[in-house]
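Visitor: Handing over query.txt, compact mmCIF, N, CA and C atoms.
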```txt
# COMPACT_ATOMS: atom_id res chain seq x y z
N MET A 1 -28.80 -28.83 -5.02
CA MET A 1 -27.80 -29.04 -6.06
C MET A 1 -28.22 -28.28 -7.32
N GLU A 2 -27.28 -27.55 -7.89
CA GLU A 2 -27.58 -26.74 -9.07
C GLU A 2 -27.42 -27.57 -10.33
N THR A 3 -28.27 -27.30 -11.27
CA THR A 3 -28.18 -27.98 -12.55
C THR A 3 -27.29 -27.17 -13.48
N ASP A 4 -26.90 -27.78 -14.59
CA ASP A 4 -26.09 -27.08 -15.58
C ASP A 4 -26.82 -25.87 -16.13
N ASN A 5 -28.12 -25.96 -16.27
CA ASN A 5 -28.93 -24.87 -16.80
C ASN A 5 -28.86 -23.66 -15.85
N GLN A 6 -28.91 -23.89 -14.52
CA GLN A 6 -28.83 -22.81 -13.55
C GLN A 6 -27.45 -22.15 -13.60
N ASN A 7 -26.41 -22.93 -13.76
CA ASN A 7 -25.05 -22.39 -13.87
C ASN A 7 -24.91 -21.49 -15.09
N VAL A 8 -25.50 -21.92 -16.22
CA VAL A 8 -25.45 -21.12 -17.44
C VAL A 8 -26.20 -19.81 -17.25
N GLN A 9 -27.36 -19.85 -16.58
CA GLN A 9 -28.13 -18.64 -16.33
C GLN A 9 -27.35 -17.66 -15.47
N LYS A 10 -26.66 -18.15 -14.44
CA LYS A 10 -25.85 -17.28 -13.58
C LYS A 10 -24.71 -16.65 -14.36
N THR A 11 -24.07 -17.44 -15.20
CA THR A 11 -22.97 -16.93 -16.02
C THR A 11 -23.46 -15.84 -16.95
N GLN A 12 -24.61 -16.06 -17.59
CA GLN A 12 -25.16 -15.07 -18.50
C GLN A 12 -25.55 -13.81 -17.76
N LEU A 13 -26.11 -13.93 -16.55
CA LEU A 13 -26.49 -12.78 -15.76
C LEU A 13 -25.27 -11.93 -15.41
N CYS A 14 -24.17 -12.58 -15.04
CA CYS A 14 -22.95 -11.87 -14.69
C CYS A 14 -22.40 -11.07 -15.87
N ASN A 15 -22.61 -11.56 -17.08
CA ASN A 15 -22.13 -10.85 -18.27
C ASN A 15 -22.88 -9.55 -18.49
N TYR A 16 -24.10 -9.43 -17.98
CA TYR A 16 -24.90 -8.22 -18.18
C TYR A 16 -24.68 -7.18 -17.10
N LEU A 17 -24.07 -7.55 -15.99
CA LEU A 17 -23.83 -6.59 -14.92
C LEU A 17 -22.72 -5.63 -15.34
N PRO A 18 -22.91 -4.33 -15.14
CA PRO A 18 -21.85 -3.38 -15.53
C PRO A 18 -20.62 -3.56 -14.65
N GLU A 19 -19.46 -3.37 -15.27
CA GLU A 19 -18.23 -3.43 -14.50
C GLU A 19 -18.17 -2.26 -13.54
N ARG A 20 -17.68 -2.50 -12.34
CA ARG A 20 -17.60 -1.45 -11.34
C ARG A 20 -16.50 -0.47 -11.74
N VAL A 21 -16.84 0.79 -11.76
CA VAL A 21 -15.88 1.83 -12.13
C VAL A 21 -15.37 2.48 -10.85
N HIS A 22 -14.07 2.49 -10.68
CA HIS A 22 -13.45 3.07 -9.49
C HIS A 22 -12.94 4.47 -9.81
N SER A 23 -12.91 5.31 -8.79
CA SER A 23 -12.39 6.66 -8.95
C SER A 23 -10.88 6.60 -9.18
N GLU A 24 -10.33 7.70 -9.66
CA GLU A 24 -8.89 7.76 -9.91
C GLU A 24 -8.10 7.54 -8.62
N GLY A 25 -8.55 8.14 -7.53
CA GLY A 25 -7.87 7.98 -6.24
C GLY A 25 -7.86 6.53 -5.78
N ARG A 26 -8.99 5.87 -5.94
CA ARG A 26 -9.07 4.47 -5.52
C ARG A 26 -8.17 3.58 -6.39
N ARG A 27 -8.14 3.86 -7.70
CA ARG A 27 -7.25 3.09 -8.58
C ARG A 27 -5.79 3.29 -8.18
N LYS A 28 -5.42 4.53 -7.81
CA LYS A 28 -4.04 4.80 -7.39
C LYS A 28 -3.72 4.03 -6.11
N LEU A 29 -4.63 4.06 -5.14
CA LEU A 29 -4.41 3.29 -3.90
C LEU A 29 -4.27 1.81 -4.19
N MET A 30 -5.11 1.29 -5.08
CA MET A 30 -5.04 -0.14 -5.42
C MET A 30 -3.72 -0.48 -6.10
N SER A 31 -3.16 0.46 -6.87
CA SER A 31 -1.87 0.20 -7.52
C SER A 31 -0.72 0.17 -6.52
N TRP A 32 -0.92 0.81 -5.37
CA TRP A 32 0.13 0.82 -4.34
C TRP A 32 0.14 -0.44 -3.49
N LEU A 33 -0.92 -1.24 -3.54
CA LEU A 33 -0.98 -2.45 -2.72
C LEU A 33 0.23 -3.34 -2.98
N ASN A 34 0.81 -3.83 -1.90
CA ASN A 34 1.98 -4.72 -1.93
C ASN A 34 3.23 -4.06 -2.50
N GLN A 35 3.26 -2.74 -2.53
CA GLN A 35 4.45 -2.00 -2.98
C GLN A 35 5.18 -1.44 -1.76
N GLN A 36 6.48 -1.22 -1.91
CA GLN A 36 7.26 -0.61 -0.83
C GLN A 36 6.83 0.84 -0.65
N MET A 37 6.69 1.26 0.60
CA MET A 37 6.26 2.62 0.90
C MET A 37 7.14 3.18 2.01
N LYS A 38 7.50 4.44 1.87
CA LYS A 38 8.27 5.16 2.89
C LYS A 38 7.36 6.22 3.48
N VAL A 39 7.24 6.22 4.82
CA VAL A 39 6.36 7.15 5.51
C VAL A 39 7.18 8.00 6.46
N ASN A 40 7.14 9.33 6.29
CA ASN A 40 7.81 10.25 7.20
C ASN A 40 6.83 10.66 8.29
N LEU A 41 7.25 10.56 9.54
CA LEU A 41 6.39 10.87 10.68
C LEU A 41 6.75 12.23 11.28
N ILE A 42 5.83 12.80 12.07
CA ILE A 42 6.04 14.13 12.63
C ILE A 42 7.18 14.17 13.64
N ASP A 43 7.54 13.03 14.24
CA ASP A 43 8.64 13.02 15.21
C ASP A 43 10.00 12.78 14.56
N GLY A 44 10.05 12.75 13.21
CA GLY A 44 11.32 12.60 12.50
C GLY A 44 11.65 11.18 12.09
N ARG A 45 10.93 10.21 12.62
CA ARG A 45 11.21 8.82 12.24
C ARG A 45 10.71 8.55 10.83
N ILE A 46 11.29 7.52 10.22
CA ILE A 46 10.92 7.09 8.87
C ILE A 46 10.59 5.60 8.95
N LEU A 47 9.43 5.23 8.44
CA LEU A 47 9.03 3.83 8.40
C LEU A 47 8.98 3.38 6.94
N VAL A 48 9.59 2.23 6.67
CA VAL A 48 9.62 1.67 5.32
C VAL A 48 9.08 0.25 5.39
N GLY A 49 8.04 -0.02 4.60
CA GLY A 49 7.46 -1.35 4.60
C GLY A 49 6.57 -1.55 3.40
N THR A 50 5.87 -2.67 3.38
CA THR A 50 4.98 -3.02 2.29
C THR A 50 3.58 -2.51 2.61
N PHE A 51 3.02 -1.70 1.71
CA PHE A 51 1.69 -1.12 1.90
C PHE A 51 0.63 -2.21 1.84
N VAL A 52 -0.16 -2.32 2.92
CA VAL A 52 -1.20 -3.34 2.99
C VAL A 52 -2.59 -2.72 2.84
N CYS A 53 -2.87 -1.65 3.58
CA CYS A 53 -4.18 -1.02 3.46
C CYS A 53 -4.21 0.34 4.14
N THR A 54 -5.31 1.04 3.93
CA THR A 54 -5.57 2.32 4.56
C THR A 54 -7.06 2.38 4.87
N ASP A 55 -7.48 3.45 5.55
CA ASP A 55 -8.90 3.62 5.83
C ASP A 55 -9.29 5.08 5.64
N LYS A 56 -10.55 5.39 5.93
CA LYS A 56 -11.05 6.75 5.69
C LYS A 56 -10.38 7.80 6.58
N ASP A 57 -9.75 7.39 7.67
CA ASP A 57 -9.06 8.33 8.57
C ASP A 57 -7.59 8.49 8.21
N ALA A 58 -7.17 7.94 7.09
CA ALA A 58 -5.80 8.02 6.58
C ALA A 58 -4.80 7.25 7.43
N HIS A 59 -5.28 6.26 8.19
CA HIS A 59 -4.35 5.36 8.86
C HIS A 59 -3.75 4.45 7.79
N ILE A 60 -2.50 4.09 7.97
CA ILE A 60 -1.82 3.22 7.00
C ILE A 60 -1.31 1.99 7.72
N ILE A 61 -1.45 0.83 7.10
CA ILE A 61 -0.88 -0.40 7.63
C ILE A 61 0.22 -0.86 6.69
N LEU A 62 1.40 -1.09 7.29
CA LEU A 62 2.57 -1.59 6.56
C LEU A 62 2.97 -2.93 7.15
N SER A 63 3.33 -3.86 6.29
CA SER A 63 3.88 -5.13 6.77
C SER A 63 5.38 -5.12 6.54
N THR A 64 6.08 -6.00 7.23
CA THR A 64 7.54 -6.10 7.15
C THR A 64 8.15 -4.69 7.21
N CYS A 65 7.80 -3.97 8.24
CA CYS A 65 8.16 -2.57 8.37
C CYS A 65 9.47 -2.40 9.14
N TYR A 66 10.31 -1.51 8.63
CA TYR A 66 11.56 -1.15 9.29
C TYR A 66 11.48 0.30 9.74
N GLU A 67 12.04 0.59 10.91
CA GLU A 67 12.03 1.94 11.46
C GLU A 67 13.45 2.52 11.37
N TYR A 68 13.53 3.74 10.87
CA TYR A 68 14.78 4.49 10.80
C TYR A 68 14.55 5.78 11.59
N PHE A 69 15.57 6.20 12.34
CA PHE A 69 15.39 7.38 13.17
C PHE A 69 15.61 8.69 12.43
N ASN A 70 16.29 8.65 11.29
CA ASN A 70 16.48 9.85 10.46
C ASN A 70 16.95 9.44 9.07
N GLU A 71 17.11 10.43 8.18
CA GLU A 71 17.55 10.15 6.79
C GLU A 71 18.93 9.50 6.76
N LYS A 72 19.80 9.90 7.67
CA LYS A 72 21.16 9.34 7.72
C LYS A 72 21.09 7.83 7.97
N ASP A 73 20.23 7.41 8.90
CA ASP A 73 20.07 5.98 9.16
C ASP A 73 19.52 5.24 7.94
N LEU A 74 18.66 5.91 7.20
CA LEU A 74 18.10 5.31 5.98
C LEU A 74 19.20 5.06 4.96
N ASP A 75 20.13 6.01 4.82
CA ASP A 75 21.23 5.86 3.87
C ASP A 75 22.23 4.79 4.31
N THR A 76 22.47 4.69 5.64
CA THR A 76 23.44 3.71 6.14
C THR A 76 22.83 2.33 6.34
N GLY A 77 21.49 2.25 6.33
CA GLY A 77 20.84 0.96 6.51
C GLY A 77 20.65 0.58 7.96
N GLU A 78 20.89 1.51 8.87
CA GLU A 78 20.74 1.24 10.30
C GLU A 78 19.25 1.31 10.66
N SER A 79 18.65 0.15 10.93
CA SER A 79 17.21 0.11 11.13
C SER A 79 16.83 -0.87 12.23
N ARG A 80 15.54 -0.83 12.55
CA ARG A 80 14.98 -1.77 13.52
C ARG A 80 13.74 -2.39 12.88
N LEU A 81 13.65 -3.71 12.89
CA LEU A 81 12.49 -4.40 12.31
C LEU A 81 11.31 -4.31 13.27
N LEU A 82 10.18 -3.78 12.78
CA LEU A 82 8.98 -3.67 13.59
C LEU A 82 7.95 -4.73 13.23
N GLY A 83 7.93 -5.17 11.98
CA GLY A 83 6.93 -6.13 11.54
C GLY A 83 5.71 -5.44 10.99
N LEU A 84 4.51 -5.82 11.46
CA LEU A 84 3.25 -5.24 11.00
C LEU A 84 2.92 -4.03 11.87
N VAL A 85 2.71 -2.87 11.24
CA VAL A 85 2.43 -1.64 12.00
C VAL A 85 1.22 -0.92 11.44
N MET A 86 0.52 -0.20 12.33
CA MET A 86 -0.56 0.69 11.95
C MET A 86 -0.10 2.09 12.31
N ILE A 87 -0.08 2.98 11.31
CA ILE A 87 0.39 4.35 11.51
C ILE A 87 -0.84 5.27 11.48
N PRO A 88 -1.14 5.94 12.59
CA PRO A 88 -2.27 6.88 12.58
C PRO A 88 -2.03 8.01 11.59
N GLY A 89 -3.06 8.37 10.85
CA GLY A 89 -2.94 9.41 9.83
C GLY A 89 -2.47 10.74 10.38
N ARG A 90 -2.82 11.06 11.62
CA ARG A 90 -2.43 12.36 12.19
C ARG A 90 -0.94 12.47 12.46
N HIS A 91 -0.19 11.35 12.42
CA HIS A 91 1.26 11.36 12.65
C HIS A 91 2.06 11.38 11.36
N ILE A 92 1.40 11.34 10.21
CA ILE A 92 2.07 11.24 8.92
C ILE A 92 2.32 12.61 8.33
N ILE A 93 3.58 12.87 7.94
CA ILE A 93 3.93 14.10 7.22
C ILE A 93 3.82 13.86 5.72
N SER A 94 4.45 12.78 5.25
CA SER A 94 4.42 12.48 3.81
C SER A 94 4.59 10.98 3.60
N ILE A 95 4.15 10.54 2.42
CA ILE A 95 4.37 9.15 2.02
C ILE A 95 5.05 9.16 0.66
N HIS A 96 5.87 8.18 0.44
CA HIS A 96 6.58 8.03 -0.83
C HIS A 96 6.47 6.58 -1.24
N THR A 97 6.37 6.37 -2.53
CA THR A 97 6.35 5.00 -3.04
C THR A 97 7.24 4.93 -4.28
N ASP A 98 7.80 3.77 -4.50
CA ASP A 98 8.64 3.53 -5.66
C ASP A 98 7.75 2.93 -6.73
N VAL A 99 7.35 3.74 -7.71
CA VAL A 99 6.38 3.29 -8.71
C VAL A 99 6.93 2.21 -9.63
N GLN A 100 8.24 2.08 -9.76
CA GLN A 100 8.82 1.06 -10.61
C GLN A 100 9.35 -0.11 -9.80
N GLN A 101 8.89 -0.23 -8.56
CA GLN A 101 9.34 -1.25 -7.63
C GLN A 101 8.82 -2.63 -8.04
N THR A 102 9.68 -3.64 -7.96
CA THR A 102 9.22 -5.02 -8.05
C THR A 102 9.49 -5.64 -6.69
N ASN A 103 8.87 -6.76 -6.41
CA ASN A 103 8.99 -7.36 -5.08
C ASN A 103 10.42 -7.79 -4.75
N GLU A 104 11.26 -8.05 -5.75
CA GLU A 104 12.60 -8.52 -5.50
C GLU A 104 13.61 -7.39 -5.25
N GLN A 105 13.29 -6.16 -5.66
CA GLN A 105 14.24 -5.07 -5.54
C GLN A 105 14.09 -4.35 -4.21
N PRO A 106 15.20 -4.10 -3.49
CA PRO A 106 15.10 -3.34 -2.25
C PRO A 106 14.81 -1.87 -2.54
N ILE A 107 14.22 -1.20 -1.60
CA ILE A 107 13.91 0.22 -1.75
C ILE A 107 15.16 1.03 -1.44
N ASN A 108 15.37 2.12 -2.16
CA ASN A 108 16.42 3.06 -1.78
C ASN A 108 15.90 4.46 -2.01
N SER A 109 16.46 5.42 -1.32
CA SER A 109 15.91 6.77 -1.32
C SER A 109 16.15 7.51 -2.63
N SER A 110 16.95 7.00 -3.54
CA SER A 110 17.23 7.73 -4.77
C SER A 110 16.17 7.53 -5.85
N ASN A 111 15.31 6.49 -5.73
CA ASN A 111 14.33 6.27 -6.78
C ASN A 111 12.89 6.29 -6.23
N LEU A 112 12.65 7.17 -5.27
CA LEU A 112 11.31 7.31 -4.71
C LEU A 112 10.60 8.48 -5.36
N GLU A 113 9.30 8.31 -5.56
CA GLU A 113 8.48 9.40 -6.10
C GLU A 113 7.60 9.90 -4.96
N GLU A 114 7.64 11.20 -4.68
CA GLU A 114 6.81 11.74 -3.60
C GLU A 114 5.38 11.81 -4.08
N ILE A 115 4.48 11.43 -3.19
CA ILE A 115 3.06 11.40 -3.52
C ILE A 115 2.40 12.66 -2.99
```
Translate this file's structure into structure tokens.

Guide:
Amino acid sequence: METDNQNVQKTQLCNYLPERVHSEGRRKLMSWLNQQMKVNLIDGRILVGTFVCTDKDAHIILSTCYEYFNEKDLDTGESRLLGLVMIPGRHIISIHTDVQQTNEQPINSSNLEEI
């Protein structure tokens, strides 16, 4: 059991540890977490979902992901719900994110910023 004195010492020690500084790329990736993302694939399909994570091989995981077969389907809203998907980095042509996106607003192709 820890005493109050030990808790104070731990708190004081934490105040002296330097804050972790992240690279610009890592900060950008962290800002994309839980944001809507549109991924264009080499076979022409378009996946739109919530960005969950990536790894060193550029694989991307999207949750609540919808699949569109082309840009026309994206405009008409004709889609198929896939759910949670992992997209291999070698199949990705481009990614787009809506930087002004809030969780309540649906994504549309007119306000996407290409990354």

Visitor: Which value, in Å to one decimal, gives the distance between atom CA of A:Lys56 and atom CA of A:Tyr68?

Guide: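 Atom CA of A:Lys56 sits 26.4 Å away from atom CA of A:Tyr68.
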
Visitor: Rounded to one decimal in Å, what is the spacing between atom CA of A:Ile92 and atom CA of A:Asn40?

Guide: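 About the pair atom CA of A:Ile92 and atom CA of A:Asn40: they are 6.1 Å apart.
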
Visitor: Would you mind reading off the distance between atom CA of A:Arg80 and atom CA of A:Thr50, one decimal, in Å?

Guide: 15.1 Å

Visitor: Please determine, counting all atoms listed in the file, which residue among A:Arg26, A:His96, A:Lys38, A:Arg45 has the shortest atom-to-atom distance to A:Glu67.

Guide: A:Arg45

Visitor: Apply DSSP to the structure's backbone, then extract all residues of stretch 19-98 of chain A labelled helix (DSSP H, G or I) and return them as a PDB file with N, CA and C atoms, in the coordinates of the input.

Guide:
```
ATOM      1  N   GLU A  24     -10.330   7.700  -9.660  1.00  0.00           N
ATOM      2  CA  GLU A  24      -8.890   7.760  -9.910  1.00  0.00           C
ATOM      3  C   GLU A  24      -8.100   7.540  -8.620  1.00  0.00           C
ATOM      4  N   GLY A  25      -8.550   8.140  -7.530  1.00  0.00           N
ATOM      5  CA  GLY A  25      -7.870   7.980  -6.240  1.00  0.00           C
ATOM      6  C   GLY A  25      -7.860   6.530  -5.780  1.00  0.00           C
ATOM      7  N   ARG A  26      -8.990   5.870  -5.940  1.00  0.00           N
ATOM      8  CA  ARG A  26      -9.070   4.470  -5.520  1.00  0.00           C
ATOM      9  C   ARG A  26      -8.170   3.580  -6.390  1.00  0.00           C
ATOM     10  N   ARG A  27      -8.140   3.860  -7.700  1.00  0.00           N
ATOM     11  CA  ARG A  27      -7.250   3.090  -8.580  1.00  0.00           C
ATOM     12  C   ARG A  27      -5.790   3.290  -8.180  1.00  0.00           C
ATOM     13  N   LYS A  28      -5.420   4.530  -7.810  1.00  0.00           N
ATOM     14  CA  LYS A  28      -4.040   4.800  -7.390  1.00  0.00           C
ATOM     15  C   LYS A  28      -3.720   4.030  -6.110  1.00  0.00           C
ATOM     16  N   LEU A  29      -4.630   4.060  -5.140  1.00  0.00           N
ATOM     17  CA  LEU A  29      -4.410   3.290  -3.900  1.00  0.00           C
ATOM     18  C   LEU A  29      -4.270   1.810  -4.190  1.00  0.00           C
ATOM     19  N   MET A  30      -5.110   1.290  -5.080  1.00  0.00           N
ATOM     20  CA  MET A  30      -5.040  -0.140  -5.420  1.00  0.00           C
ATOM     21  C   MET A  30      -3.720  -0.480  -6.100  1.00  0.00           C
ATOM     22  N   SER A  31      -3.160   0.460  -6.870  1.00  0.00           N
ATOM     23  CA  SER A  31      -1.870   0.200  -7.520  1.00  0.00           C
ATOM     24  C   SER A  31      -0.720   0.170  -6.520  1.00  0.00           C
ATOM     25  N   TRP A  32      -0.920   0.810  -5.370  1.00  0.00           N
ATOM     26  CA  TRP A  32       0.130   0.820  -4.340  1.00  0.00           C
ATOM     27  C   TRP A  32       0.140  -0.440  -3.490  1.00  0.00           C
ATOM     28  N   GLU A  71      17.110  10.430   8.180  1.00  0.00           N
ATOM     29  CA  GLU A  71      17.550  10.150   6.790  1.00  0.00           C
ATOM     30  C   GLU A  71      18.930   9.500   6.760  1.00  0.00           C
ATOM     31  N   LYS A  72      19.800   9.900   7.670  1.00  0.00           N
ATOM     32  CA  LYS A  72      21.160   9.340   7.720  1.00  0.00           C
ATOM     33  C   LYS A  72      21.090   7.830   7.970  1.00  0.00           C
ATOM     34  N   ASP A  73      20.230   7.410   8.900  1.00  0.00           N
ATOM     35  CA  ASP A  73      20.070   5.980   9.160  1.00  0.00           C
ATOM     36  C   ASP A  73      19.520   5.240   7.940  1.00  0.00           C
ATOM     37  N   LEU A  74      18.660   5.910   7.200  1.00  0.00           N
ATOM     38  CA  LEU A  74      18.100   5.310   5.980  1.00  0.00           C
ATOM     39  C   LEU A  74      19.200   5.060   4.960  1.00  0.00           C
ATOM     40  N   ASP A  75      20.130   6.010   4.820  1.00  0.00           N
ATOM     41  CA  ASP A  75      21.230   5.860   3.870  1.00  0.00           C
ATOM     42  C   ASP A  75      22.230   4.790   4.310  1.00  0.00           C
ATOM     43  N   THR A  76      22.470   4.690   5.640  1.00  0.00           N
ATOM     44  CA  THR A  76      23.440   3.710   6.140  1.00  0.00           C
ATOM     45  C   THR A  76      22.830   2.330   6.340  1.00  0.00           C
ATOM     46  N   GLY A  89      -3.060   8.370  10.850  1.00  0.00           N
ATOM     47  CA  GLY A  89      -2.940   9.410   9.830  1.00  0.00           C
ATOM     48  C   GLY A  89      -2.470  10.740  10.380  1.00  0.00           C
ATOM     49  N   ARG A  90      -2.820  11.060  11.620  1.00  0.00           N
ATOM     50  CA  ARG A  90      -2.430  12.360  12.190  1.00  0.00           C
ATOM     51  C   ARG A  90      -0.940  12.470  12.460  1.00  0.00           C
ATOM     52  N   HIS A  91      -0.190  11.350  12.420  1.00  0.00           N
ATOM     53  CA  HIS A  91       1.260  11.360  12.650  1.00  0.00           C
ATOM     54  C   HIS A  91       2.060  11.380  11.360  1.00  0.00           C
TER      55      HIS A  91
END
```

Visitor: Restricting the calculation to all atoms listed in the file: of A:Thr54, A:Thr64, A:Asn70, A:Thr97, which residue gets closest to A:Gln36?

Guide: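 Nearest candidate to A:Gln36 out of A:Thr54, A:Thr64, A:Asn70, A:Thr97: A:Thr97.
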